[in-house]
>>> print(open('work.json').read())   # JSON, C-alpha atoms
[["chain", "number", "residue", "atom", "x", "y", "z"],
["V", 1, "ALA", "CA", 41.05, 12.87, 3.77],
["V", 2, "GLY", "CA", 37.78, 14.73, 4.49],
["V", 3, "LEU", "CA", 36.31, 13.66, 1.15],
["V", 4, "LEU", "CA", 37.26, 10.04, 1.79],
["V", 5, "LEU", "CA", 35.65, 10.14, 5.25],
["V", 6, "TRP", "CA", 32.50, 11.71, 3.80],
["V", 7, "GLU", "CA", 32.33, 9.05, 1.06],
["V", 8, "ALA", "CA", 32.87, 6.24, 3.59],
["V", 9, "GLY", "CA", 30.10, 7.68, 5.78],
["V", 10, "ARG", "CA", 27.74, 7.93, 2.80],
["V", 11, "ARG", "CA", 28.41, 4.33, 1.82],
["V", 12, "ALA", "CA", 27.90, 3.15, 5.40],
["V", 13, "ARG", "CA", 24.53, 4.99, 5.53],
["V", 14, "GLU", "CA", 23.47, 3.44, 2.21],
["V", 15, "ALA", "CA", 24.49, -0.02, 3.43],
["V", 16, "ARG", "CA", 22.45, 0.46, 6.64],
["V", 17, "GLN", "CA", 19.44, 1.65, 4.63],
["V", 18, "LYS", "CA", 19.63, -1.36, 2.32],
["V", 19, "THR", "CA", 20.00, -3.74, 5.26],
["V", 20, "THR", "CA", 17.01, -2.14, 6.98],
["V", 21, "PHE", "CA", 15.02, -2.29, 3.74],
["V", 22, "VAL", "CA", 15.78, -6.01, 3.26],
["V", 23, "ALA", "CA", 14.90, -6.76, 6.90],
["V", 24, "ASN", "CA", 11.60, -4.85, 6.62],
["V", 25, "VAL", "CA", 10.69, -6.48, 3.32],
["V", 26, "SER", "CA", 11.54, -9.93, 4.68],
["V", 27, "HIS", "CA", 9.27, -9.32, 7.66],
["V", 28, "GLU", "CA", 6.49, -7.97, 5.43],
["V", 29, "LEU", "CA", 6.71, -11.01, 3.13],
["V", 30, "LYS", "CA", 6.80, -13.48, 6.01],
["V", 31, "THR", "CA", 3.42, -12.47, 7.46],
["V", 32, "PRO", "CA", 1.23, -13.21, 4.40],
["V", 33, "LEU", "CA", 3.28, -16.33, 3.59],
["V", 34, "THR", "CA", 2.68, -17.67, 7.11],
["V", 35, "THR", "CA", -1.05, -17.00, 6.81],
["V", 36, "LEU", "CA", -1.23, -18.64, 3.39],
["V", 37, "ARG", "CA", 0.60, -21.74, 4.58],
["V", 38, "LEU", "CA", -1.49, -22.08, 7.75],
["V", 39, "TYR", "CA", -4.83, -21.68, 5.95],
["V", 40, "ALA", "CA", -3.77, -23.99, 3.08],
["V", 41, "GLU", "CA", -2.69, -26.70, 5.53],
["V", 42, "LEU", "CA", -5.93, -26.43, 7.48],
["V", 43, "LEU", "CA", -7.96, -26.72, 4.28],
["V", 44, "ARG", "CA", -5.86, -29.64, 2.97],
["V", 45, "GLU", "CA", -6.24, -31.56, 6.21],
["V", 46, "GLY", "CA", -10.01, -31.02, 6.19],
["V", 47, "ARG", "CA", -9.93, -29.27, 9.56],
["V", 48, "VAL", "CA", -12.10, -26.36, 8.38],
["V", 49, "LYS", "CA", -15.74, -27.40, 8.69],
["V", 50, "GLY", "CA", -18.55, -25.66, 6.90],
["V", 51, "GLU", "CA", -18.65, -24.19, 3.44],
["V", 52, "GLU", "CA", -18.95, -20.62, 4.72],
["V", 53, "LYS", "CA", -15.81, -20.93, 6.85],
["V", 54, "GLN", "CA", -13.91, -22.58, 3.99],
["V", 55, "GLN", "CA", -14.95, -19.72, 1.70],
["V", 56, "HIS", "CA", -13.71, -17.22, 4.30],
["V", 57, "TYR", "CA", -10.33, -18.97, 4.44],
["V", 58, "LEU", "CA", -10.09, -18.92, 0.65],
["V", 59, "ASP", "CA", -11.00, -15.20, 0.59],
["V", 60, "VAL", "CA", -8.25, -14.47, 3.13],
["V", 61, "MET", "CA", -5.77, -16.47, 1.05],
["V", 62, "ILE", "CA", -6.68, -14.52, -2.09],
["V", 63, "ALA", "CA", -6.30, -11.23, -0.21],
["V", 64, "GLU", "CA", -2.89, -12.32, 1.13],
["V", 65, "CYS", "CA", -1.79, -13.25, -2.43],
["V", 66, "ALA", "CA", -2.82, -9.77, -3.58],
["V", 67, "ARG", "CA", -0.84, -8.31, -0.67],
["V", 68, "LEU", "CA", 2.23, -10.32, -1.68],
["V", 69, "GLY", "CA", 1.83, -9.04, -5.24],
["V", 70, "ARG", "CA", 1.76, -5.45, -3.97],
["V", 71, "LEU", "CA", 4.86, -6.04, -1.86],
["V", 72, "VAL", "CA", 6.76, -7.52, -4.79],
["V", 73, "ASN", "CA", 5.65, -4.64, -7.04],
["V", 74, "ASN", "CA", 6.81, -2.18, -4.37],
["V", 75, "MET", "CA", 10.24, -3.81, -4.31],
["V", 76, "LEU", "CA", 10.50, -3.76, -8.09],
["V", 77, "ASP", "CA", 9.40, -0.12, -8.22],
["V", 78, "PHE", "CA", 11.87, 0.79, -5.50],
["V", 79, "SER", "CA", 14.63, -0.80, -7.54],
["V", 80, "ARG", "CA", 13.52, 1.00, -10.73],
["V", 81, "LEU", "CA", 13.26, 4.34, -8.92],
["V", 82, "GLU", "CA", 16.71, 3.88, -7.42],
["V", 83, "GLN", "CA", 18.09, 3.26, -10.91],
["V", 84, "SER", "CA", 15.98, 6.07, -12.47],
["V", 85, "ARG", "CA", 14.27, 3.48, -14.70],
["V", 86, "ARG", "CA", 10.65, 3.84, -13.50],
["V", 87, "VAL", "CA", 8.42, 4.66, -16.47],
["V", 88, "TYR", "CA", 4.90, 5.95, -15.82],
["V", 89, "ALA", "CA", 2.01, 5.12, -18.17],
["V", 90, "VAL", "CA", 0.02, 8.35, -17.88],
["V", 91, "GLU", "CA", -3.53, 8.18, -19.21],
["V", 92, "PRO", "CA", -6.89, 9.93, -18.71],
["V", 93, "LEU", "CA", -8.60, 8.69, -15.56],
["V", 94, "GLU", "CA", -11.97, 9.55, -14.02],
["V", 95, "LEU", "CA", -11.06, 9.51, -10.34],
["V", 96, "ARG", "CA", -14.52, 8.99, -8.84],
["V", 97, "ALA", "CA", -15.22, 5.72, -10.73],
["V", 98, "TRP", "CA", -11.63, 4.57, -10.24],
["V", 99, "LEU", "CA", -11.85, 5.14, -6.47],
["V", 100, "ASP", "CA", -15.07, 3.13, -6.22],
["V", 101, "ALA", "CA", -13.45, 0.20, -8.03],
["V", 102, "VAL", "CA", -10.25, 0.29, -5.93],
["V", 103, "LEU", "CA", -11.82, 0.92, -2.52],
["V", 104, "GLU", "CA", -14.74, -1.51, -2.55],
["V", 105, "PRO", "CA", -12.60, -4.66, -2.18],
["V", 106, "GLN", "CA", -10.65, -2.99, 0.66],
["V", 107, "ARG", "CA", -13.64, -2.46, 2.96],
["V", 108, "VAL", "CA", -13.70, -6.00, 4.37],
["V", 109, "ARG", "CA", -9.94, -6.12, 4.87],
["V", 110, "LEU", "CA", -9.92, -2.79, 6.68],
["V", 111, "ARG", "CA", -12.94, -3.76, 8.78],
["V", 112, "GLU", "CA", -11.06, -6.91, 9.86],
["V", 113, "SER", "CA", -8.19, -4.62, 10.93],
["V", 114, "GLY", "CA", -10.60, -2.58, 13.06],
["V", 115, "LEU", "CA", -11.01, 0.33, 10.64],
["V", 116, "GLN", "CA", -14.12, 1.76, 9.07],
["V", 117, "LEU", "CA", -13.47, 3.03, 5.54],
["V", 118, "ILE", "CA", -15.08, 6.40, 4.89],
["V", 119, "ALA", "CA", -15.01, 7.51, 1.25],
["V", 120, "PRO", "CA", -17.40, 10.34, 0.44],
["V", 121, "PRO", "CA", -17.86, 10.57, -3.33],
["V", 122, "PRO", "CA", -16.51, 13.74, -4.97],
["V", 123, "GLU", "CA", -19.18, 16.28, -5.81],
["V", 124, "ALA", "CA", -18.42, 16.11, -9.52],
["V", 125, "PRO", "CA", -16.43, 13.84, -11.84],
["V", 126, "LEU", "CA", -12.69, 14.41, -11.47],
["V", 127, "ASN", "CA", -10.85, 13.82, -14.74],
["V", 128, "VAL", "CA", -7.08, 13.61, -14.36],
["V", 129, "LEU", "CA", -4.02, 12.32, -16.19],
["V", 130, "ALA", "CA", -2.31, 9.70, -14.04],
["V", 131, "ASP", "CA", -0.58, 6.34, -14.02],
["V", 132, "ARG", "CA", -3.47, 4.10, -12.91],
["V", 133, "ASP", "CA", -1.24, 1.34, -11.48],
["V", 134, "ALA", "CA", 1.14, 3.69, -9.64],
["V", 135, "LEU", "CA", -1.79, 5.61, -8.15],
["V", 136, "GLU", "CA", -3.46, 2.37, -7.01],
["V", 137, "GLN", "CA", -0.22, 1.09, -5.52],
["V", 138, "SER", "CA", 0.27, 4.36, -3.60],
["V", 139, "LEU", "CA", -3.31, 4.34, -2.30],
["V", 140, "LEU", "CA", -3.14, 0.69, -1.22],
["V", 141, "ASN", "CA", 0.19, 1.30, 0.51],
["V", 142, "LEU", "CA", -1.37, 4.14, 2.49],
["V", 143, "LEU", "CA", -4.36, 1.95, 3.42],
["V", 144, "ASP", "CA", -1.98, -0.87, 4.44],
["V", 145, "ASN", "CA", -0.10, 1.58, 6.66],
["V", 146, "ALA", "CA", -3.36, 2.79, 8.21],
["V", 147, "ALA", "CA", -4.38, -0.82, 8.92],
["V", 148, "LYS", "CA", -0.97, -1.54, 10.43],
["V", 149, "TYR", "CA", -0.33, 1.62, 12.45],
["V", 150, "ALA", "CA", -3.62, 3.50, 12.88],
["V", 151, "ALA", "CA", -6.25, 0.87, 13.65],
["V", 152, "SER", "CA", -6.62, 2.35, 17.13],
["V", 153, "GLY", "CA", -8.13, 5.43, 15.47],
["V", 154, "GLY", "CA", -11.15, 3.42, 14.30],
["V", 155, "ALA", "CA", -11.52, 4.96, 10.83],
["V", 156, "VAL", "CA", -9.65, 5.86, 7.68],
["V", 157, "GLU", "CA", -11.05, 8.39, 5.22],
["V", 158, "VAL", "CA", -10.23, 8.70, 1.53],
["V", 159, "ARG", "CA", -11.18, 12.02, -0.07],
["V", 160, "ALA", "CA", -10.76, 13.32, -3.58],
["V", 161, "GLN", "CA", -11.38, 16.97, -4.28],
["V", 162, "ARG", "CA", -10.51, 19.67, -6.74],
["V", 163, "GLN", "CA", -8.91, 22.89, -5.51],
["V", 164, "GLY", "CA", -8.36, 25.26, -8.38],
["V", 165, "GLY", "CA", -6.47, 23.41, -11.12],
["V", 166, "THR", "CA", -5.28, 20.63, -8.81],
["V", 167, "VAL", "CA", -6.98, 17.42, -7.67],
["V", 168, "PHE", "CA", -6.03, 16.18, -4.22],
["V", 169, "LEU", "CA", -6.42, 12.57, -3.13],
["V", 170, "GLU", "CA", -6.10, 12.41, 0.64],
["V", 171, "VAL", "CA", -5.91, 9.47, 3.03],
["V", 172, "LEU", "CA", -6.68, 10.55, 6.58],
["V", 173, "ASP", "CA", -6.59, 8.35, 9.65],
["V", 174, "ARG", "CA", -6.98, 9.00, 13.33],
["V", 175, "GLY", "CA", -3.88, 7.07, 14.39],
["V", 176, "PRO", "CA", -0.72, 8.38, 16.07],
["V", 177, "GLY", "CA", 0.70, 9.87, 12.85],
["V", 178, "VAL", "CA", 4.13, 9.78, 11.29],
["V", 179, "PRO", "CA", 6.88, 10.65, 13.79],
["V", 180, "ALA", "CA", 8.29, 14.14, 13.15],
["V", 181, "GLU", "CA", 11.76, 12.84, 12.31],
["V", 182, "LEU", "CA", 10.35, 10.64, 9.51],
["V", 183, "ARG", "CA", 7.96, 13.11, 7.86],
["V", 184, "GLU", "CA", 10.54, 14.32, 5.32],
["V", 185, "HIS", "CA", 10.54, 10.77, 3.87],
["V", 186, "VAL", "CA", 6.80, 10.89, 3.06],
["V", 187, "ALA", "CA", 6.42, 11.77, -0.61],
["V", 188, "LEU", "CA", 3.51, 13.54, -2.24],
["V", 189, "ALA", "CA", 2.08, 12.35, -5.51],
["V", 190, "SER", "CA", 0.18, 14.48, -7.96],
["V", 191, "ALA", "CA", -1.91, 14.01, -11.06],
["V", 192, "THR", "CA", -2.61, 16.51, -13.81],
["V", 193, "VAL", "CA", -6.18, 17.71, -14.14],
["V", 194, "VAL", "CA", -7.62, 17.18, -17.63]]
>>> encode(input="work.json", output="structure tokens")
Amino acid sequence: AGLLLWEAGRRAREARQKTTFVANVSHELKTPLTTLRLYAELLREGRVKGEEKQQHYLDVMIAECARLGRLVNNMLDFSRLEQSRRVYAVEPLELRAWLDAVLEPQRVRLRESGLQLIAPPPEAPLNVLADRDALEQSLLNLLDNAAKYAASGGAVEVRAQRQGGTVFLEVLDRGPGVPAELREHVALASATVV
């Protein structure tokens, strides 16, 4: 009887987690879709005057499409991880150049969220073995979270540094932080130094 109760409790928890996940994902998908529809309708109806303003609307639409792509990739990865099917394509990566390429397009988006992006370059090249796409997805998720929950802090800093045989990539914000009861759910990622 105890085993059956435990199993029923486990299944109920899993069902609640999946329901919460679907609700969160639905909300996350709805925001960029609403923005895309609104901006597209305004452009179609010719209600956006001036080439500069039209270009701004198009830039926002492109950024929202990229955000939707990240959300869909997150859902697919979550599904693969849950089924132990996620395969990582590990390759040599020079972190300093990679960071420049990934962070530069994020500056405007973060500035519009009220955050200054601070990214001091590492003192020396940092060669690691990592899955480029998974690392980018993780970094962009952290920046999205900072924009969503830590904009009141005014800045987000991305630092890469070597400590012994390990390279650390840190995202630091000045927001309220992760509540203590949720910190165990925050995962750490690592890359192998070449």
>>> closest_residue(input="work.json", among="V:His56, V:Arg37, V:Arg132, V:Arg96", to="Ala160 of chain V", atoms="all atoms listed in the file")
V:Arg96
>>> closest_residue(input="work.json", among="V:Ala97, V:Leu71, V:Leu4, V:Val87", to="Leu140 of chain V", atoms="all atoms listed in the file")
V:Leu71
>>> residues_around(input="work.json", residues="Asp100 of chain V", least_positions_apart="2", cutoff="12 Å", atoms="only C-alpha atoms", output="list in words")
Glu94, Leu95, Arg96, Ala97, Trp98, Val102, Leu103, Glu104, Pro105, Gln106, Arg107, Leu117, Ile118, Ala119, Pro120, Pro121, Pro122, Glu136, Val158, Arg159 and Ala160 of chain V
>>> write_last_selection(input="work.json", atoms="C-alpha atoms", output="PDB file, in the coordinates of the input")
ATOM      1  CA  GLU V  94     -11.970   9.550 -14.020  1.00  0.00           C
ATOM      2  CA  LEU V  95     -11.060   9.510 -10.340  1.00  0.00           C
ATOM      3  CA  ARG V  96     -14.520   8.990  -8.840  1.00  0.00           C
ATOM      4  CA  ALA V  97     -15.220   5.720 -10.730  1.00  0.00           C
ATOM      5  CA  TRP V  98     -11.630   4.570 -10.240  1.00  0.00           C
ATOM      6  CA  VAL V 102     -10.250   0.290  -5.930  1.00  0.00           C
ATOM      7  CA  LEU V 103     -11.820   0.920  -2.520  1.00  0.00           C
ATOM      8  CA  GLU V 104     -14.740  -1.510  -2.550  1.00  0.00           C
ATOM      9  CA  PRO V 105     -12.600  -4.660  -2.180  1.00  0.00           C
ATOM     10  CA  GLN V 106     -10.650  -2.990   0.660  1.00  0.00           C
ATOM     11  CA  ARG V 107     -13.640  -2.460   2.960  1.00  0.00           C
ATOM     12  CA  LEU V 117     -13.470   3.030   5.540  1.00  0.00           C
ATOM     13  CA  ILE V 118     -15.080   6.400   4.890  1.00  0.00           C
ATOM     14  CA  ALA V 119     -15.010   7.510   1.250  1.00  0.00           C
ATOM     15  CA  PRO V 120     -17.400  10.340   0.440  1.00  0.00           C
ATOM     16  CA  PRO V 121     -17.860  10.570  -3.330  1.00  0.00           C
ATOM     17  CA  PRO V 122     -16.510  13.740  -4.970  1.00  0.00           C
ATOM     18  CA  GLU V 136      -3.460   2.370  -7.010  1.00  0.00           C
ATOM     19  CA  VAL V 158     -10.230   8.700   1.530  1.00  0.00           C
ATOM     20  CA  ARG V 159     -11.180  12.020  -0.070  1.00  0.00           C
ATOM     21  CA  ALA V 160     -10.760  13.320  -3.580  1.00  0.00           C
TER      22      ALA V 160
END
>>> atom_distance(input="work.json", atom1="atom CA of Glu170 of chain V", atom2="atom CA of Gln137 of chain V")
14.2 Å
>>> atom_distance(input="work.json", atom1="atom CA of Val178 of chain V", atom2="atom CA of Ser152 of chain V")
14.3 Å
>>> closest_residue(input="work.json", among="V:Ser79, V:Gln17, V:Asn74, V:Gln55", to="Ser138 of chain V", atoms="all atoms listed in the file")
V:Asn74
>>> axis_aligned_box(input="work.json", around="segment 104-108 of chain V", padding_each_side="6 Å", output="AutoDock Vina command-line options")
--center_x -12.7 --center_y -3.8 --center_z 0.9 --size_x 16.1 --size_y 16.5 --size_z 18.9
>>> closest_residue(input="work.json", among="V:Val48, V:Leu76, V:Ala147, V:Leu135", to="Glu91 of chain V", atoms="all atoms listed in the file")
V:Leu135
>>> closest_atom_pairs(input="work.json", of="segment 75-155 of chain V", to="segment 26-36 of chain V", cutoff="12 Å", atoms="only C-alpha atoms", output="Markdown table")
| residue | atom | partner | partner_atom | distance |
| --- | --- | --- | --- | --- |
| V:Met75 | CA | V:Leu29 | CA | 10.9 |
| V:Asp144 | CA | V:Glu28 | CA | 11.1 |
| V:Asn145 | CA | V:Glu28 | CA | 11.7 |
| V:Lys148 | CA | V:Glu28 | CA | 11.0 |
>>> closest_residue(input="work.json", among="V:Ala180, V:Ala146, V:Ile62, V:Val128", to="Thr166 of chain V", atoms="all atoms listed in the file")
V:Val128
>>> residues_near_point(input="work.json", point="(-7.6, 3.6, 16.0)", cutoff="10 Å", atoms="only C-alpha atoms", output="list in words")
Ser113, Gly114, Leu115, Gln116, Ala146, Ala147, Tyr149, Ala150, Ala151, Ser152, Gly153, Gly154, Ala155, Val156, Asp173, Arg174, Gly175 and Pro176 of chain V
>>> atom_distance(input="work.json", atom1="atom CA of Ala40 of chain V", atom2="atom CA of Arg70 of chain V")
20.6 Å
>>> closest_residue(input="work.json", among="V:Ala8, V:Ala89, V:Leu99, V:Val108", to="Asp59 of chain V", atoms="only C-alpha atoms")
V:Val108
>>> build_atoms(input="work.json", residues="segment 10-21 of chain V", atoms="all heavy atoms", output="PDB file, in the coordinates of the input")
ATOM      1  N   ARG V  10      28.886   8.052   3.712  1.00  0.00           N
ATOM      2  CA  ARG V  10      27.740   7.930   2.800  1.00  0.00           C
ATOM      3  C   ARG V  10      27.492   6.472   2.453  1.00  0.00           C
ATOM      4  O   ARG V  10      26.354   5.991   2.481  1.00  0.00           O
ATOM      5  CB  ARG V  10      27.989   8.744   1.532  1.00  0.00           C
ATOM      6  CG  ARG V  10      26.794   8.775   0.573  1.00  0.00           C
ATOM      7  CD  ARG V  10      27.115   9.548  -0.699  1.00  0.00           C
ATOM      8  NE  ARG V  10      28.125   8.892  -1.525  1.00  0.00           N
ATOM      9  CZ  ARG V  10      27.873   7.858  -2.339  1.00  0.00           C
ATOM     10  NH1 ARG V  10      26.663   7.372  -2.432  1.00  0.00           N
ATOM     11  NH2 ARG V  10      28.836   7.328  -3.056  1.00  0.00           N
ATOM     12  N   ARG V  11      28.554   5.751   2.164  1.00  0.00           N
ATOM     13  CA  ARG V  11      28.410   4.330   1.820  1.00  0.00           C
ATOM     14  C   ARG V  11      27.902   3.522   3.012  1.00  0.00           C
ATOM     15  O   ARG V  11      27.109   2.596   2.853  1.00  0.00           O
ATOM     16  CB  ARG V  11      29.731   3.766   1.316  1.00  0.00           C
ATOM     17  CG  ARG V  11      30.065   4.269  -0.067  1.00  0.00           C
ATOM     18  CD  ARG V  11      31.293   3.629  -0.608  1.00  0.00           C
ATOM     19  NE  ARG V  11      31.622   4.228  -1.900  1.00  0.00           N
ATOM     20  CZ  ARG V  11      32.435   3.684  -2.763  1.00  0.00           C
ATOM     21  NH1 ARG V  11      33.009   2.533  -2.483  1.00  0.00           N
ATOM     22  NH2 ARG V  11      32.680   4.272  -3.906  1.00  0.00           N
ATOM     23  N   ALA V  12      28.364   3.852   4.192  1.00  0.00           N
ATOM     24  CA  ALA V  12      27.900   3.150   5.400  1.00  0.00           C
ATOM     25  C   ALA V  12      26.404   3.406   5.613  1.00  0.00           C
ATOM     26  O   ALA V  12      25.653   2.485   5.954  1.00  0.00           O
ATOM     27  CB  ALA V  12      28.700   3.591   6.620  1.00  0.00           C
ATOM     28  N   ARG V  13      25.966   4.666   5.405  1.00  0.00           N
ATOM     29  CA  ARG V  13      24.530   4.990   5.530  1.00  0.00           C
ATOM     30  C   ARG V  13      23.716   4.220   4.514  1.00  0.00           C
ATOM     31  O   ARG V  13      22.658   3.675   4.824  1.00  0.00           O
ATOM     32  CB  ARG V  13      24.301   6.489   5.387  1.00  0.00           C
ATOM     33  CG  ARG V  13      24.658   7.304   6.619  1.00  0.00           C
ATOM     34  CD  ARG V  13      24.189   8.741   6.496  1.00  0.00           C
ATOM     35  NE  ARG V  13      24.752   9.446   5.345  1.00  0.00           N
ATOM     36  CZ  ARG V  13      25.956  10.008   5.291  1.00  0.00           C
ATOM     37  NH1 ARG V  13      26.740   9.949   6.356  1.00  0.00           N
ATOM     38  NH2 ARG V  13      26.375  10.624   4.211  1.00  0.00           N
ATOM     39  N   GLU V  14      24.184   4.179   3.267  1.00  0.00           N
ATOM     40  CA  GLU V  14      23.470   3.440   2.210  1.00  0.00           C
ATOM     41  C   GLU V  14      23.398   1.960   2.556  1.00  0.00           C
ATOM     42  O   GLU V  14      22.363   1.325   2.351  1.00  0.00           O
ATOM     43  CB  GLU V  14      24.167   3.637   0.862  1.00  0.00           C
ATOM     44  CG  GLU V  14      23.927   4.983   0.241  1.00  0.00           C
ATOM     45  CD  GLU V  14      24.663   5.158  -1.086  1.00  0.00           C
ATOM     46  OE1 GLU V  14      25.365   4.223  -1.531  1.00  0.00           O
ATOM     47  OE2 GLU V  14      24.515   6.235  -1.683  1.00  0.00           O
ATOM     48  N   ALA V  15      24.486   1.399   3.066  1.00  0.00           N
ATOM     49  CA  ALA V  15      24.490  -0.020   3.430  1.00  0.00           C
ATOM     50  C   ALA V  15      23.481  -0.292   4.550  1.00  0.00           C
ATOM     51  O   ALA V  15      22.750  -1.284   4.518  1.00  0.00           O
ATOM     52  CB  ALA V  15      25.889  -0.459   3.858  1.00  0.00           C
ATOM     53  N   ARG V  16      23.423   0.622   5.552  1.00  0.00           N
ATOM     54  CA  ARG V  16      22.450   0.460   6.640  1.00  0.00           C
ATOM     55  C   ARG V  16      21.027   0.551   6.112  1.00  0.00           C
ATOM     56  O   ARG V  16      20.160  -0.218   6.508  1.00  0.00           O
ATOM     57  CB  ARG V  16      22.686   1.522   7.726  1.00  0.00           C
ATOM     58  CG  ARG V  16      23.777   1.185   8.711  1.00  0.00           C
ATOM     59  CD  ARG V  16      23.748   2.084   9.931  1.00  0.00           C
ATOM     60  NE  ARG V  16      23.796   3.499   9.622  1.00  0.00           N
ATOM     61  CZ  ARG V  16      24.913   4.205   9.455  1.00  0.00           C
ATOM     62  NH1 ARG V  16      26.091   3.602   9.580  1.00  0.00           N
ATOM     63  NH2 ARG V  16      24.868   5.484   9.171  1.00  0.00           N
ATOM     64  N   GLN V  17      20.780   1.501   5.198  1.00  0.00           N
ATOM     65  CA  GLN V  17      19.440   1.650   4.630  1.00  0.00           C
ATOM     66  C   GLN V  17      19.036   0.399   3.859  1.00  0.00           C
ATOM     67  O   GLN V  17      17.902  -0.059   3.975  1.00  0.00           O
ATOM     68  CB  GLN V  17      19.382   2.869   3.704  1.00  0.00           C
ATOM     69  CG  GLN V  17      19.390   4.192   4.442  1.00  0.00           C
ATOM     70  CD  GLN V  17      19.463   5.375   3.493  1.00  0.00           C
ATOM     71  OE1 GLN V  17      19.929   5.257   2.366  1.00  0.00           O
ATOM     72  NE2 GLN V  17      18.996   6.524   3.965  1.00  0.00           N
ATOM     73  N   LYS V  18      19.953  -0.156   3.082  1.00  0.00           N
ATOM     74  CA  LYS V  18      19.630  -1.360   2.320  1.00  0.00           C
ATOM     75  C   LYS V  18      19.395  -2.542   3.246  1.00  0.00           C
ATOM     76  O   LYS V  18      18.487  -3.347   3.029  1.00  0.00           O
ATOM     77  CB  LYS V  18      20.729  -1.661   1.307  1.00  0.00           C
ATOM     78  CG  LYS V  18      20.702  -0.698   0.133  1.00  0.00           C
ATOM     79  CD  LYS V  18      21.762  -0.982  -0.885  1.00  0.00           C
ATOM     80  CE  LYS V  18      21.671   0.065  -1.996  1.00  0.00           C
ATOM     81  NZ  LYS V  18      22.657  -0.104  -3.022  1.00  0.00           N
ATOM     82  N   THR V  19      20.192  -2.657   4.299  1.00  0.00           N
ATOM     83  CA  THR V  19      20.000  -3.740   5.260  1.00  0.00           C
ATOM     84  C   THR V  19      18.656  -3.602   5.951  1.00  0.00           C
ATOM     85  O   THR V  19      17.923  -4.583   6.104  1.00  0.00           O
ATOM     86  CB  THR V  19      21.143  -3.739   6.301  1.00  0.00           C
ATOM     87  OG1 THR V  19      22.389  -3.904   5.611  1.00  0.00           O
ATOM     88  CG2 THR V  19      20.963  -4.841   7.321  1.00  0.00           C
ATOM     89  N   THR V  20      18.311  -2.389   6.349  1.00  0.00           N
ATOM     90  CA  THR V  20      17.010  -2.140   6.980  1.00  0.00           C
ATOM     91  C   THR V  20      15.880  -2.452   6.017  1.00  0.00           C
ATOM     92  O   THR V  20      14.886  -3.074   6.388  1.00  0.00           O
ATOM     93  CB  THR V  20      16.921  -0.671   7.453  1.00  0.00           C
ATOM     94  OG1 THR V  20      17.982  -0.433   8.378  1.00  0.00           O
ATOM     95  CG2 THR V  20      15.582  -0.374   8.104  1.00  0.00           C
ATOM     96  N   PHE V  21      16.031  -2.036   4.759  1.00  0.00           N
ATOM     97  CA  PHE V  21      15.020  -2.290   3.740  1.00  0.00           C
ATOM     98  C   PHE V  21      14.808  -3.799   3.570  1.00  0.00           C
ATOM     99  O   PHE V  21      13.677  -4.286   3.577  1.00  0.00           O
ATOM    100  CB  PHE V  21      15.426  -1.652   2.419  1.00  0.00           C
ATOM    101  CG  PHE V  21      14.483  -1.948   1.285  1.00  0.00           C
ATOM    102  CD1 PHE V  21      13.261  -1.311   1.219  1.00  0.00           C
ATOM    103  CD2 PHE V  21      14.825  -2.854   0.302  1.00  0.00           C
ATOM    104  CE1 PHE V  21      12.381  -1.576   0.191  1.00  0.00           C
ATOM    105  CE2 PHE V  21      13.950  -3.130  -0.736  1.00  0.00           C
ATOM    106  CZ  PHE V  21      12.726  -2.487  -0.799  1.00  0.00           C
TER     107      PHE V  21
END
